[in-house]
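These notes are about the structure you will find just below.
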Amino acid sequence: MSSLAELMLDHSSQMMLAVDPASLRILLVNRPVTGTLGYSRDQLAEMCITDIESSLQDVFYWEDVHNGQYQEIEEQEGLYRCADESMMSVMKSVRVVTHEGAPLILVSARDTRNELQMEDALEQTLSQLRATLESTGNGILVIDWQGRITNMNRLASNMWGIPDELLRERDDAAILEFIASRVTDGELCRTRLRATVDSADSEDLYRLADGRVFECRSHPQYMGERIVGRVFAYSDITERTLAEEALRESRDRLEDRVRERTAELERANATLQGEKRHQETLIRKLEAAQNQLLQSEKMASIGQLAAGVAHEINNPVGFVNSNLGTLQRYSEDLLRLLAAYEGAEDSLNAAQQADIARMKEDIDAAYLREDIGDLLKESLEGLQRVRRIVQDLKDFSHVGKGERELANLEAGLESTLNVVWHELKYKADVVKEYSGLPELECIPSQLNQVFMNLLVNAAHAIETHGRITLRTGFDDEVVWVEVEDTGKGIPPEHLSRIFEPFFTTKDVGKGTGLGLSLSYGIVKRHQGHIEVRSEPGKGAVFRVVLPRHPAAETESLA
């Protein structure tokens with residue numbers, strides 16, 4: 001090779017290697033090869049190309065070359081073994097040339113380690129920039145000096161409500177016009193969006209046609225000393241603007257409103273704290289009851305206790321009610337007598353009339369006459385409410401009725417709903433869609449237990465506040481009762497296990513996993529079944545289906 005050609009090769013920025021395709025020996029290298037890989041020219045003269053290119057794909061390639069199958073390569077990544085046994089990432093190309101009538105393989109390669117590092121650093125920087133744009137609390141829009149949108153985060157497109165078709169079409173002019181059309185002062189917005197090479201910062205307030213208010217701050221984007229675009233940051237300050245306007249309008253009454261609001265919050269907080277303590281107490285009681293619930297006969301004991309309490313309450317309620325009725329009649333008689341005495345006051349002397357007047361004033365006779373009737377009426381109404389609660393307890397328990405009997409399931413559902421109302425009233429609105437079920441031969445107390453478990457579970461499935469719907473229906477063969485909630489639903493993988501004893505998705509200590517298992521057993525003993533439909537996040541529906549004409553019993557339901 002001439003000294004001029006060798007000089008040119010040595011001053012090339014890439015490594016150049018000439019390889020004999022028959023022996024794969026390295027015939028010639030330029031200076032960057034020795035300087036980059038660390039081999040001397042003498043070492044390289046004794047080496048084959050496969051001593052440097054040792055990856056599996058390279059071995060296969062050079063084996064093909066050795067067998068006479070030449071193939072040129074354009075920009076392929078590879079690994080070169082250095083003299084210190086380290087591996088270097090390279091980008092190589094292979095050419096087949098003819099020298100003195102024989103083929104010669106010419107390999108050119110460049111070290112890409114710095115390029116990869118720079119690419120990784122650039123990718124990391126771009127990733128950080130994208131993450132920063134998406135995580136910022138402002139809607140960001142970047143426009144270059146030619147009026148093209150170079151970047152826009154998701155918050156900006158959501159704030160402006162830009163249609164998906166415009167975003168997909170990447171029609172920048174249409175997008176910018178859509179933004180300007182939503183502002184009441186559209187010309188100001190258009191002027192700002194066009195002034196992409198203005199060196200001054202800007203701050204504007206945009207009122208949108210839908211009533212929202214956006215604050216827009218923009219800043220020029222520099223590349224060195226040259227302005228290449230503009231960055232717009234949008235903040236939705238609607239609430240703040242409305243609050244400021246309301247503040248200006250009601251400044252004179254602010255202190256009174258703050259005091260009223262504070263008092264309301266304190267009362268609400270006190271109520272919530274009371275309810276929280278009440279709920280905690282109820283939860284502790286429920287946990288204690290659940291831990292003791294080893295068999296379905298537990299509800300029979302609870303029913304007996306409820307009926308006993310109802311009976312014990314009924315006795316004093318009865319005579320108190322009777323006594324209040326008698327007291328009401330006595331009061332009316334005494335008031336008539338008092339009216340008669342008042343009619344005779346004119347016949348008394350002045351001193352007696354003065355004494356009676358003072359006595360009336362001391363006891364406030366006019367108020368007593370007006371209030372005594374209201375007090376007796378309210379007391380009688382309260383006793384009637386107690387009697388209704390007692391009757392619901394008796395209807396729910398059906399103590400002493402362990403045998404089948406004709407019963408109205410909707411009435412049982414109502415009595416059960418009253419018993420567990422404290423679990424439901426703060427969690428859900430109850431909607432009733434009754435169809436007027438015919439009476440069914442069953443053991444009412446056991447089915448009431450099933451209804452109670454389903455209602456309590458529905459309330460527990462609702463995290464904040466929702467709706468529980470009670471439906472009934474029937475045909476010639478069956479009757480059914482549905483309990484539907486708008487809670488968090490049941491995951492598909494749990495649907496097949498919810499009736500297993502002791503299986504529960506509640507937190508540790510929050511449930512025993514026996515409620516649905518016992519309910520399933522009760523319904524099965526009534527020759528019925530329970531159907532479940534649920535979709536996570538959209539609630540669940542439990543349907544209890546019972547035959548209207550059950551077959552002859554083969555085992556006791558008690």
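Letters for chains follow the order of the structure tokens (A, B, ...), residue numbers begin at 1 for each chain, and ligand numbers begin at 1 in the order shown.
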
Counting only C-alpha atoms, which residues of segment 62-168 of chain A fall within 10 Å of segment 24-28 of chain A, and what is the closest atom pair for each with its distance in Å at one decimal, ordered by chain and rising number, as CSV?
residue,atom,partner,partner_atom,distance
A:Trp62,CA,A:Leu24,CA,7.5
A:Glu63,CA,A:Leu24,CA,9.0
A:Val65,CA,A:Leu24,CA,8.2
A:His66,CA,A:Leu24,CA,6.8
A:Leu104,CA,A:Leu27,CA,9.5
A:Ile105,CA,A:Leu24,CA,9.0
A:Leu106,CA,A:Leu28,CA,9.5

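Every protein or nucleic acid residue with an atom no more than 10 Å from Trp480 of chain A, counting only C-alpha atoms and leaving out same-chain residues fewer than 5 positions away, appears here: Leu409, Leu437, Arg471, Thr472, Gly473, Phe474, Asp475, Gly528, His529, Ile530, Arg543, Val544, Val545, Leu546, Pro547 and Arg548 of chain A.
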
All helix (DSSP H, G or I) residues (DSSP, backbone) inside segment 82-210 of chain A, as an MDAnalysis selection string: chainID A and resid 113:135 154:160 164:169 172:181 186:194

Near-Phe499 of chain A list (6 Å; only C-alpha atoms; drop same-chain fewer than 2 positions) as a PyMOL selection string: chain A and resi 497+516-517

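Each of A:Glu361, A:Glu123, A:Asp144, A:Asp164 was checked against Leu193 of chain A using only C-alpha atoms; the smallest atom-to-atom distance is that of A:Asp144.
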
Figure out the distance between atom CA of Asp333 of chain A and atom CA of Leu376 of chain A, please, to one decimal in Å. 14.1 Å
